[in-house]
Every structure is written in C-alpha cells, then in structure tokens.
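**Student:** Here it is, the structure, as structure tokens.
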Amino acid sequence: MIDSKRKAIIFLSLSFILAVVAAGVILVQISQAQERLGETVKVAAAAEDIKSYHEIDLEEDIKWIELPKSSAYESFITDEKELQNVISLVDINENDILTGTLVREKVNIPADERVVWLNATEIVLIDQDVVEGDQVDIIVSREIDKKLETKRLLSNIPVVQIESPGEEQEDGPGQRIKISLSVEEAEQLIHYQNFAKQIRVLRVNQVADESKEAQPEQKKEAEVKKEERPKQQPKETQTQDEKKDESKKPAQPADQKKQEGQ
C-alpha cells in the first residue's frame, strides 16, 4: 500500500509540473501573438474621390489609417515624402489605400516651355499609340494661296503625358497626348489646330535615330585613324621592290667581275 501511494504521489507531482510548464509555454505564445497583432503601421488612403492626373494634396486628398503590420504590403505608401509632387494615374475612390503604382512624380517642365494638348479628332490624327517619354514629329497640311502644302512643323518633341478614353467615351475622341513646347512653337501648333487641313502625329523610332547618329561618328573616327597611320610600306613589299630594281640593272661584264674578285 505504501509503495502504491508513493507512486501515485510521484505521478501526480510530475503531471502537475508538466501542466504548469505547458501552461507557461502557451501563455508566452499568446502574449507574443498579441504583440504582433498589436503592432500597427500608418498607410496612406484617399480622403475623397481623386480623379486621374490630379495633383495630390497631402492635407485635402490624403488620410492616414492604421493597419496591422503583418497585413501591410510593401507597396503601401507609409511615408509622406512619397506623396510630394505626385499626381494620380487612375481614378481613386474614397478610402482606397494608395500604392506606388497609383501615383507618379510630376513631369518637370522648364519655365520657358508650355504643355499643349493634342486631341485625336478628324483634323488631328495620331498614327500610332504613344506613351510618356516617347518623341513625336508633327506633320501639318495647310492651304497657301489655294495650294495645299504638307511639311514637318516640329520634330523630336517629347511626350510628357497621355490620356486614353474611358469606357464612357467610346464614341468620343481617341488618345490624347500632351507635348512640351516653347511658347513660339505652342502658338504655331495651336494656330494650326484651328486652321490647318490636317495634323499628323508620328511616333519617332528613337532606337533607329540613335543608330543613325552613331554611324557618322564611327565613319569620322575611321577616317581619322586612316590619316594617323604611318605611310610606310611593309618589309615584304620593300624587299620585293628592291629585287625588282636589281633585276632591272644592266649585267656587268665578266672582266669587271674578275677584277673585282681580285
């Protein structure tokens, strides 16, 4: 009886100790999970509906909401510096969380240049879709003294912004682009938009242009290298020329050869 009681006490003691250890481990895990869930981070969200290509105002357009750090994606905007001097690329609804793909920095336009819209209409034709950063040529057809004239008005003009029609504008104009021009060029283009017969916008193949520009430079370098080469004949050609000259000399008489030998 005494041995059985002793075994029972030992078994109960071990069970109690193991239960205490298991409870401690569970409590530690729960506290760590609560700490993780309790960590939050502030992310930028739209305080109101924001239209596309709208300059973001931190005070009026943006509000900051707290999200659990575990559920916050890296693409979320968490720093105010990321929203300075930026515009929206698409329409953003109220309470939508902003990401880096929804905004971009504004294009820096020089002080002496202006941005001009080119709307795709019956007069203005954009032959190929363009994107920001492309370059375009402007071809104008106009009437002078009852004669039609077509010429390239502007060349290699940078595209600073584009706008494609939405679903609600299916019957409206097509792609619209913004180009950066000097004041004088902007005046000319606006005049032709109002009075020209037709304006064509052609996308420039920048890769081909760069290769064409590189070819003349390569030719010049090759010409310079040719001029710098020394005008010396190779040794083989020199020896051949000397042999030819010796063969052309008249043969010496036998008596002269003997005298020379003596």
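Residues are named by chain letter and number: chains run A, B, ... in the order of the structure tokens, numbers start at 1 in each chain, and ligands are numbered from 1 in the order shown.
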Compile the contact shell of range 62-77 of chain A as a list in words: residues with an atom at most 7 Å away, counting only C-alpha atoms, same-chain residues fewer than 4 positions apart removed.
**Tutor:**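 My list of contacting residues is Leu37, Gly38, Glu39, Thr40, Val41, Lys42, Val43, Ala44, Ala45, Ala46, Ala47, Asp57, Leu58, Glu82, Leu98, Thr99 and Gly100 of chain A.
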**Student:** Need the shell around Gln188 in chain A: protein/DNA/RNA residues with any atom at most 10 Å away, counting only C-alpha atoms. Skip same-chain ones fewer than 4 positions apart. Format as a PyMOL selection string?
**Tutor:** chain A and resi 153-154+183-184+192-193
**Student:** Using only C-alpha atoms, which residues sit within 12 Å of Leu189 in chain A once same-chain residues fewer than 3 positions away are excluded, as number ranges by chain?
**Tutor:** A: 114-118, 124, 137-141, 152-154, 179-186, 192-196, 198-201
**Student:** Store the residues picked out above, limited to C-alpha atoms, as a compact mmCIF listing (two decimals), in the first residue's frame.
**Tutor:**
# COMPACT_ATOMS: atom_id res chain seq x y z
CA ARG A 114 4.34 75.12 -72.21
CA VAL A 115 2.27 71.92 -72.35
CA VAL A 116 -0.15 71.62 -75.30
CA TRP A 117 -2.96 69.09 -75.66
CA LEU A 118 -3.26 67.18 -78.92
CA VAL A 124 -5.52 65.65 -85.66
CA ASP A 137 7.01 64.51 -85.17
CA ILE A 138 4.21 66.91 -86.13
CA ILE A 139 3.28 66.99 -89.83
CA VAL A 140 0.95 69.79 -90.96
CA SER A 141 -1.07 70.06 -94.16
CA ARG A 152 7.08 68.79 -90.93
CA LEU A 153 6.36 71.52 -88.44
CA LEU A 154 8.06 70.05 -85.36
CA ILE A 179 3.69 67.63 -75.50
CA SER A 180 6.12 70.20 -74.16
CA LEU A 181 6.90 73.12 -76.49
CA SER A 182 8.43 76.55 -76.37
CA VAL A 183 6.00 79.46 -76.34
CA GLU A 184 6.56 80.23 -80.04
CA GLU A 185 6.10 76.60 -81.10
CA ALA A 186 2.99 76.32 -78.91
CA TYR A 192 -2.66 75.00 -87.00
CA GLN A 193 -5.03 73.05 -84.74
CA ASN A 194 -7.65 75.68 -85.52
CA PHE A 195 -6.97 76.37 -89.20
CA ALA A 196 -4.92 73.58 -90.79
CA GLN A 198 -4.84 68.09 -91.19
CA ILE A 199 -2.24 67.42 -88.49
CA ARG A 200 -0.50 64.07 -88.26
CA VAL A 201 1.37 62.89 -85.16
**Student:** May I have the residues within 9 Å of Ile87 in chain A as a VMD selection string, using only C-alpha atoms and disregarding those fewer than 6 positions away in the same chain?
**Tutor:** chain A and resid 52 to 56 102 to 106
**Student:** Would you work out the distance separating CA of Asp129 in chain A from CA of Gln84 in chain A, expressed in Å to one decimal?
**Tutor:** 29.6 Å
**Student:** Give the alpha helix (DSSP H) residues of range 38-222 of chain A, as assigned by DSSP on the backbone, as a ChimeraX atom specification.
**Tutor:** /A:38,183-195,206-222
